>>> print(open('protein.tsv').read())   # TSV, C-alpha atoms
chain	number	residue	atom	x	y	z
A	1	MET	CA	106.87	184.64	138.28
A	2	ARG	CA	106.02	181.24	136.82
A	3	ASP	CA	108.43	179.46	139.15
A	4	THR	CA	106.96	181.35	142.10
A	5	PHE	CA	103.45	180.32	141.05
A	6	ILE	CA	104.51	176.67	140.85
A	7	ALA	CA	106.18	176.72	144.27
A	8	THR	CA	103.32	178.55	145.99
A	9	THR	CA	100.57	176.45	144.46
A	10	THR	CA	102.44	173.23	145.26
A	11	ALA	CA	102.59	174.37	148.90
A	12	LEU	CA	98.87	175.17	148.86
A	13	LEU	CA	98.10	171.70	147.54
A	14	ASP	CA	100.12	170.19	150.39
A	15	ASP	CA	98.69	172.43	153.11
A	16	ASP	CA	95.05	172.93	152.10
A	17	PRO	CA	92.90	169.90	151.23
A	18	ARG	CA	90.42	172.21	149.49
A	19	THR	CA	92.92	173.35	146.86
A	20	ALA	CA	92.77	171.68	143.44
A	21	LEU	CA	94.75	172.26	140.26
A	22	VAL	CA	93.61	171.72	136.66
A	23	LEU	CA	96.18	171.83	133.86
A	24	ALA	CA	96.09	171.57	130.09
A	25	ASP	CA	99.63	170.22	129.63
A	26	ILE	CA	101.34	173.59	130.24
A	27	SER	CA	103.63	173.31	133.33
A	28	ALA	CA	102.44	169.72	133.90
A	29	GLU	CA	105.99	168.42	134.35
A	30	SER	CA	106.69	171.03	137.02
A	31	PHE	CA	103.64	169.89	138.97
A	32	ALA	CA	104.42	166.16	138.60
A	33	PRO	CA	105.56	165.75	142.25
A	34	ALA	CA	102.35	167.41	143.48
A	35	ARG	CA	100.28	165.19	141.18
A	36	ARG	CA	101.91	162.06	142.61
A	37	ARG	CA	101.07	163.20	146.15
A	38	HIS	CA	97.55	164.42	145.35
A	39	PRO	CA	96.29	162.55	142.27
A	40	GLU	CA	92.66	163.28	143.15
A	41	ARG	CA	93.25	167.06	143.22
A	42	VAL	CA	95.87	167.62	140.48
A	43	LEU	CA	94.35	166.93	137.07
A	44	ASN	CA	95.86	167.29	133.60
A	45	VAL	CA	93.17	167.22	130.90
A	46	GLY	CA	95.63	167.52	128.00
A	47	ILE	CA	95.49	170.26	125.38
A	48	ARG	CA	91.82	170.99	126.05
A	49	GLU	CA	91.60	174.41	127.65
A	50	GLN	CA	87.80	174.63	127.38
A	51	LEU	CA	87.56	171.34	129.26
A	52	MET	CA	90.04	172.67	131.83
A	53	ALA	CA	87.67	175.55	132.64
A	54	SER	CA	84.63	173.27	132.69
A	55	VAL	CA	86.32	170.80	135.03
A	56	ALA	CA	87.24	173.70	137.30
A	57	GLY	CA	83.58	174.70	137.42
A	58	GLY	CA	82.60	171.17	138.39
A	59	LEU	CA	85.25	170.98	141.10
A	60	ALA	CA	84.07	174.32	142.49
A	61	LEU	CA	80.52	172.96	142.72
A	62	THR	CA	81.82	170.17	144.97
A	63	GLY	CA	83.37	172.69	147.37
A	64	LEU	CA	86.96	172.58	146.13
A	65	ARG	CA	88.98	175.69	145.26
A	66	PRO	CA	90.34	175.07	141.74
A	67	TYR	CA	93.38	176.78	140.26
A	68	LEU	CA	93.74	176.49	136.48
A	69	HIS	CA	96.74	177.46	134.43
A	70	SER	CA	97.89	177.96	130.86
A	71	TYR	CA	99.00	180.64	128.43
A	72	ALA	CA	96.63	183.62	128.49
A	73	PRO	CA	95.30	183.13	124.92
A	74	PHE	CA	94.41	179.52	125.76
A	75	ALA	CA	92.98	179.99	129.27
A	76	VAL	CA	91.05	183.21	128.52
A	77	ASP	CA	90.59	183.80	124.78
A	78	ARG	CA	90.00	180.15	123.85
A	79	ALA	CA	88.05	179.20	126.98
A	80	TYR	CA	86.06	182.43	127.27
A	81	GLU	CA	82.68	180.72	126.83
A	82	GLN	CA	83.45	178.20	129.57
A	83	LEU	CA	84.62	180.96	131.93
A	84	LYS	CA	81.37	182.77	131.17
A	85	LEU	CA	79.07	179.76	131.63
A	86	ASP	CA	80.75	177.10	133.77
A	87	LEU	CA	82.08	179.63	136.28
A	88	GLY	CA	80.10	182.87	135.91
A	89	HIS	CA	76.65	181.52	135.05
A	90	GLN	CA	76.92	178.87	137.77
A	91	ASP	CA	78.18	181.59	140.15
A	92	VAL	CA	81.18	179.58	141.29
A	93	GLY	CA	84.79	180.65	141.52
A	94	ALA	CA	88.25	179.60	140.41
A	95	VAL	CA	91.72	181.08	140.23
A	96	VAL	CA	92.94	181.44	136.65
A	97	VAL	CA	96.72	181.88	136.50
A	98	THR	CA	98.24	182.65	133.11
A	99	ILE	CA	101.59	183.23	131.48
A	100	GLY	CA	102.37	184.77	128.10
A	101	GLY	CA	100.13	187.81	128.46
A	102	SER	CA	100.28	190.38	125.67
A	103	TYR	CA	103.55	189.70	123.83
A	104	ASP	CA	105.63	187.82	126.41
A	105	ALA	CA	105.81	184.78	124.13
A	106	ALA	CA	106.63	186.83	121.05
A	107	ALA	CA	108.96	184.14	119.73
A	108	GLU	CA	106.03	181.69	119.61
A	109	GLY	CA	103.99	183.92	117.31
A	110	TYR	CA	100.56	185.51	117.66
A	111	THR	CA	98.93	182.23	118.73
A	112	HIS	CA	100.64	182.67	122.10
A	113	GLN	CA	99.80	186.37	122.58
A	114	SER	CA	96.79	187.87	124.33
A	115	PRO	CA	96.69	191.65	124.72
A	116	GLY	CA	92.89	191.49	125.14
A	117	ASP	CA	92.58	189.05	128.06
A	118	VAL	CA	91.68	191.60	130.74
A	119	ALA	CA	89.29	193.35	128.36
A	120	LEU	CA	87.51	190.02	127.81
A	121	LEU	CA	87.16	189.42	131.54
A	122	ASP	CA	85.79	192.94	131.92
A	123	THR	CA	82.71	191.76	130.01
A	124	LEU	CA	81.99	189.25	132.79
A	125	GLU	CA	80.75	189.77	136.33
A	126	GLY	CA	82.74	189.58	139.50
A	127	TRP	CA	86.35	189.02	138.44
A	128	THR	CA	89.24	190.28	140.56
A	129	VAL	CA	92.29	190.86	138.35
A	130	HIS	CA	95.84	190.81	139.70
A	131	VAL	CA	98.74	191.97	137.52
A	132	PRO	CA	101.89	191.51	139.63
A	133	GLY	CA	104.87	193.67	138.80
A	134	HIS	CA	107.37	191.45	140.61
A	135	GLN	CA	107.58	187.77	141.47
A	136	ASP	CA	107.52	188.53	145.20
A	137	GLU	CA	104.02	189.98	144.82
A	138	VAL	CA	102.67	186.66	143.53
A	139	PRO	CA	102.54	184.41	146.65
A	140	ALA	CA	100.25	186.71	148.64
A	141	MET	CA	97.85	186.96	145.70
A	142	LEU	CA	97.64	183.18	145.36
A	143	ARG	CA	97.29	182.55	149.09
A	144	GLU	CA	94.62	185.21	149.52
A	145	ALA	CA	92.66	183.68	146.63
A	146	ALA	CA	92.61	180.34	148.48
A	147	ARG	CA	90.66	181.89	151.36
A	148	HIS	CA	87.45	182.61	149.45
A	149	ASP	CA	85.44	181.39	146.46
A	150	ASP	CA	85.44	184.41	144.15
A	151	ARG	CA	86.61	184.46	140.53
A	152	VAL	CA	90.24	185.58	140.38
A	153	TYR	CA	92.63	186.19	137.49
A	154	VAL	CA	96.39	186.35	138.11
A	155	ARG	CA	98.34	187.55	135.05
A	156	LEU	CA	102.02	186.57	135.19
A	157	THR	CA	104.60	188.14	132.86
A	158	GLU	CA	108.26	187.92	131.98
A	159	GLN	CA	108.67	191.66	132.45
A	160	GLN	CA	109.27	192.64	136.07
A	161	ASN	CA	110.00	195.74	138.10
A	162	THR	CA	113.22	195.99	140.10
A	163	ARG	CA	111.39	195.85	143.44
A	164	ALA	CA	108.17	194.41	144.80
A	165	TYR	CA	105.21	196.27	146.26
A	166	PRO	CA	103.11	193.52	147.89
A	167	ASP	CA	100.53	196.05	149.12
A	168	GLY	CA	99.94	197.47	145.65
A	169	GLY	CA	96.23	196.71	145.41
A	170	PRO	CA	94.97	200.16	146.36
A	171	LEU	CA	96.77	202.89	144.43
A	172	LEU	CA	100.19	203.35	146.00
A	173	VAL	CA	101.82	206.76	145.49
A	174	LEU	CA	105.53	206.47	144.75
A	175	ARG	CA	106.23	209.98	143.50
A	176	ARG	CA	104.28	213.18	144.21
A	177	GLY	CA	103.92	216.08	141.86
A	178	GLY	CA	101.43	217.36	139.34
A	179	PRO	CA	99.24	215.33	136.95
A	180	LEU	CA	98.64	211.69	137.83
A	181	VAL	CA	100.31	208.79	136.01
A	182	VAL	CA	99.00	205.33	137.01
A	183	ALA	CA	101.29	202.37	136.29
A	184	VAL	CA	99.81	198.87	136.31
A	185	GLY	CA	101.99	195.90	137.26
A	186	PRO	CA	105.22	195.58	135.26
A	187	MET	CA	104.77	199.00	133.66
A	188	LEU	CA	106.01	200.72	136.82
A	189	ASP	CA	109.75	200.72	136.06
A	190	PRO	CA	109.28	202.06	132.51
A	191	VAL	CA	106.91	204.73	133.85
A	192	LEU	CA	109.34	205.81	136.58
A	193	GLU	CA	112.13	206.06	134.03
A	194	ALA	CA	109.92	207.83	131.50
A	195	THR	CA	108.78	210.48	134.00
A	196	THR	CA	112.19	211.28	135.48
A	197	GLY	CA	112.40	215.05	135.85
A	198	LEU	CA	108.70	215.58	135.05
A	199	ASP	CA	106.35	217.24	137.52
A	200	VAL	CA	103.91	214.33	137.88
A	201	THR	CA	102.48	212.05	140.53
A	202	VAL	CA	103.19	208.36	139.91
A	203	ALA	CA	100.91	205.77	141.50
A	204	TYR	CA	101.12	201.99	141.25
A	205	THR	CA	98.61	199.16	141.36
A	206	ASN	CA	98.92	195.42	140.84
A	207	ARG	CA	95.16	194.91	141.22
A	208	PRO	CA	93.42	196.83	138.45
A	209	ARG	CA	90.08	195.10	139.10
A	210	PRO	CA	88.32	196.19	141.10
A	211	LEU	CA	89.96	199.53	140.42
A	212	ASP	CA	90.73	201.67	143.46
A	213	ALA	CA	88.11	204.22	142.47
A	214	GLY	CA	88.36	206.22	145.70
A	215	GLY	CA	92.12	206.47	145.47
A	216	LEU	CA	91.99	207.48	141.83
A	217	ARG	CA	89.40	210.15	142.55
A	218	ALA	CA	91.41	211.53	145.47
A	219	LEU	CA	94.60	211.77	143.41
A	220	THR	CA	93.08	213.27	140.27
A	221	GLU	CA	93.30	217.04	139.90
A	222	GLY	CA	93.04	217.31	136.12
A	223	ASP	CA	95.12	215.21	133.73
A	224	VAL	CA	95.44	211.44	134.16
A	225	VAL	CA	97.62	208.95	132.26
A	226	VAL	CA	96.93	205.23	132.67
A	227	VAL	CA	99.69	202.85	131.53
A	228	GLU	CA	98.74	199.17	131.31
A	229	PRO	CA	100.61	196.12	129.93
A	230	TYR	CA	97.64	194.96	127.84
A	231	LEU	CA	95.23	196.48	125.33
A	232	ALA	CA	95.26	200.29	125.44
A	233	GLY	CA	92.00	201.63	126.85
A	234	THR	CA	91.08	198.46	128.75
A	235	SER	CA	90.45	200.50	131.91
A	236	ALA	CA	88.65	203.37	130.18
A	237	ALA	CA	85.21	202.42	131.50
A	238	ALA	CA	86.45	201.84	135.05
A	239	VAL	CA	88.39	205.12	135.09
A	240	GLY	CA	85.47	207.02	133.58
A	241	SER	CA	83.10	205.64	136.20
A	242	ALA	CA	85.49	206.47	139.05
A	243	LEU	CA	85.96	210.05	137.83
A	244	GLY	CA	82.32	210.80	137.05
A	245	GLY	CA	81.66	214.46	137.84
A	246	VAL	CA	85.38	215.27	138.12
A	247	SER	CA	86.79	217.56	135.44
A	248	HIS	CA	89.68	215.69	133.83
A	249	ARG	CA	91.47	214.60	130.67
A	250	VAL	CA	92.76	211.05	130.38
A	251	LEU	CA	95.31	209.30	128.17
A	252	HIS	CA	95.25	205.48	128.02
A	253	LEU	CA	98.52	203.85	127.01
A	254	GLY	CA	98.93	200.13	126.39
A	255	VAL	CA	99.26	197.57	123.61
A	256	GLY	CA	98.00	198.98	120.32
A	257	ARG	CA	95.37	197.32	118.14
A	258	SER	CA	97.73	197.01	115.17
A	259	GLU	CA	99.30	193.55	115.23
A	260	ILE	CA	103.09	193.36	115.16
A	261	ARG	CA	103.71	190.57	112.67
A	262	ARG	CA	107.42	190.12	113.38
A	263	TYR	CA	108.31	187.65	116.10
A	264	GLY	CA	111.18	189.31	117.97
A	265	THR	CA	111.23	189.48	121.77
A	266	TRP	CA	108.97	191.10	124.33
A	267	PRO	CA	111.27	194.17	124.58
A	268	ASP	CA	111.02	194.53	120.78
A	269	HIS	CA	107.22	194.51	121.01
A	270	ALA	CA	107.21	196.90	123.96
A	271	ARG	CA	109.26	199.33	121.91
A	272	ALA	CA	107.01	198.89	118.87
A	273	HIS	CA	103.92	199.68	120.96
A	274	GLY	CA	105.56	202.69	122.62
A	275	LEU	CA	105.64	200.98	126.01
A	276	ASP	CA	109.36	201.32	126.65
A	277	ALA	CA	110.59	204.34	128.61
A	278	PRO	CA	111.39	206.58	125.58
A	279	GLY	CA	108.04	205.79	123.95
A	280	LEU	CA	106.10	206.43	127.15
A	281	ARG	CA	107.93	209.70	127.79
A	282	ALA	CA	107.13	210.96	124.30
A	283	SER	CA	103.42	210.13	124.71
A	284	ILE	CA	103.17	211.59	128.21
A	285	VAL	CA	105.03	214.81	127.37
A	286	ASP	CA	102.93	215.29	124.24
A	287	PHE	CA	99.70	214.78	126.23
A	288	LEU	CA	100.66	217.07	129.10
A	289	GLY	CA	101.95	219.73	126.74
>>> encode(input="protein.tsv", output="structure tokens")
Amino acid sequence: MRDTFIATTTALLDDDPRTALVLADISAESFAPARRRHPERVLNVGIREQLMASVAGGLALTGLRPYLHSYAPFAVDRAYEQLKLDLGHQDVGAVVVTIGGSYDAAAEGYTHQSPGDVALLDTLEGWTVHVPGHQDEVPAMLREAARHDDRVYVRLTEQQNTRAYPDGGPLLVLRRGGPLVVAVGPMLDPVLEATTGLDVTVAYTNRPRPLDAGGLRALTEGDVVVVEPYLAGTSAAAVGSALGGVSHRVLHLGVGRSEIRRYGTWPDHARAHGLDAPGLRASIVDFLG
């Protein structure tokens, strides 16, 4: 996904004179050719993520469309105040593209992990959140974001599904049956494996914000399970609002609040949080009875 982001954004910089890119050292070498061609629109501020967000706000005020990029804990957790003030309070937009969400960078330690990034953005107004499940879903998200001035978050991960669903913004039904299981982004393959042989409906989205409230309401007939690759319960408020007045039970599965203090790999952390196929199946079967 990271390579796809670099290639697509480099093409945008070449094709669209409104596109700008602000970096904080991460991926700077990969964008070196673009920086040589467009030194006035490709800026590396060094390891200063708060400044990266502030510069993006200033560029947006001049009419440019800034993309900014780093690890999720640096671009969102660390720069939260600047996203809140220099983008949100000024009512300007940018495209924040991150890597290392949740536990992707497990080998780097907890400094490089951010299971709460989407939850943080949920406290702010007007963010569209894309969580691609496959690298081939990324280019359309980035190109669409170049066509307007809204605030957009694109959360890239190492974990990918075996196939792409580029039209996975509205809930996309991939298996029909009984109770609804919603898989967000890269959680689709584990969910499909976990629910093999179960009488459930499986729906997919790679755009959890804004949530497809109408689609969720239409598909819900009782029990709902939401499986997300970040903090468990992040979508609780959005799901509750969408299903207001509809009799239902809901189970939110995602990264737990207990920190895993061993480094390991992202599959190790997925297993520890119950987000691999066996863990998901156990939780879903227990919930559905």
>>> closest_residue(input="protein.tsv", among="A:Thr265, A:Ser258, A:Thr234, A:Thr128", to="A:Glu158", atoms="all atoms listed in the file")
A:Thr265
>>> residues_around(input="protein.tsv", residues="A:Val138", least_positions_apart="2", cutoff="9 Å", atoms="only C-alpha atoms", output="JSON, numbers by chain")
{"A": [1, 4, 5, 8, 130, 131, 132, 133, 134, 135, 136, 140, 141, 142, 143, 154, 156, 166]}
>>> closest_residue(input="protein.tsv", among="A:Leu124, A:Leu188, A:Ala145, A:Leu211", to="A:Leu85", atoms="all atoms listed in the file")
A:Leu124
>>> atom_distance(input="protein.tsv", atom1="atom CA of A:Arg155", atom2="atom CA of A:Arg209")
11.9 Å
>>> residues_around(input="protein.tsv", residues="A:Ala277", least_positions_apart="2", cutoff="9 Å", atoms="only C-alpha atoms", output="short mmCIF file (atom, residue, chain, number, x, y, z; two decimals) with C-alpha atoms, in the coordinates of the input")
data_model
loop_
_atom_site.label_atom_id
_atom_site.label_comp_id
_atom_site.auth_asym_id
_atom_site.auth_seq_id
_atom_site.Cartn_x
_atom_site.Cartn_y
_atom_site.Cartn_z
CA ASP A 189 109.75 200.72 136.06
CA PRO A 190 109.28 202.06 132.51
CA VAL A 191 106.91 204.73 133.85
CA LEU A 192 109.34 205.81 136.58
CA GLU A 193 112.13 206.06 134.03
CA ALA A 194 109.92 207.83 131.50
CA THR A 195 108.78 210.48 134.00
CA ARG A 271 109.26 199.33 121.91
CA GLY A 274 105.56 202.69 122.62
CA LEU A 275 105.64 200.98 126.01
CA GLY A 279 108.04 205.79 123.95
CA LEU A 280 106.10 206.43 127.15
CA ARG A 281 107.93 209.70 127.79
CA ALA A 282 107.13 210.96 124.30
#
>>> closest_residue(input="protein.tsv", among="A:Arg176, A:Asp223, A:His269, A:Gly126", to="A:Gly109", atoms="all atoms listed in the file")
A:His269
>>> closest_residue(input="protein.tsv", among="A:Val181, A:Ala94, A:Ala11, A:Met187", to="A:Gln82", atoms="only C-alpha atoms")
A:Ala94
>>> closest_residue(input="protein.tsv", among="A:Ile26, A:Ala107, A:Val246, A:Val285", to="A:Asp268", atoms="all atoms listed in the file")
A:Ala107
>>> closest_residue(input="protein.tsv", among="A:Val22, A:Val129, A:Ala53, A:Leu120", to="A:Val92", atoms="all atoms listed in the file")
A:Ala53
>>> atom_distance(input="protein.tsv", atom1="atom CA of A:Pro267", atom2="atom CA of A:Tyr103")
9.0 Å
>>> atom_distance(input="protein.tsv", atom1="atom CA of A:Gln159", atom2="atom CA of A:Asp104")
7.8 Å
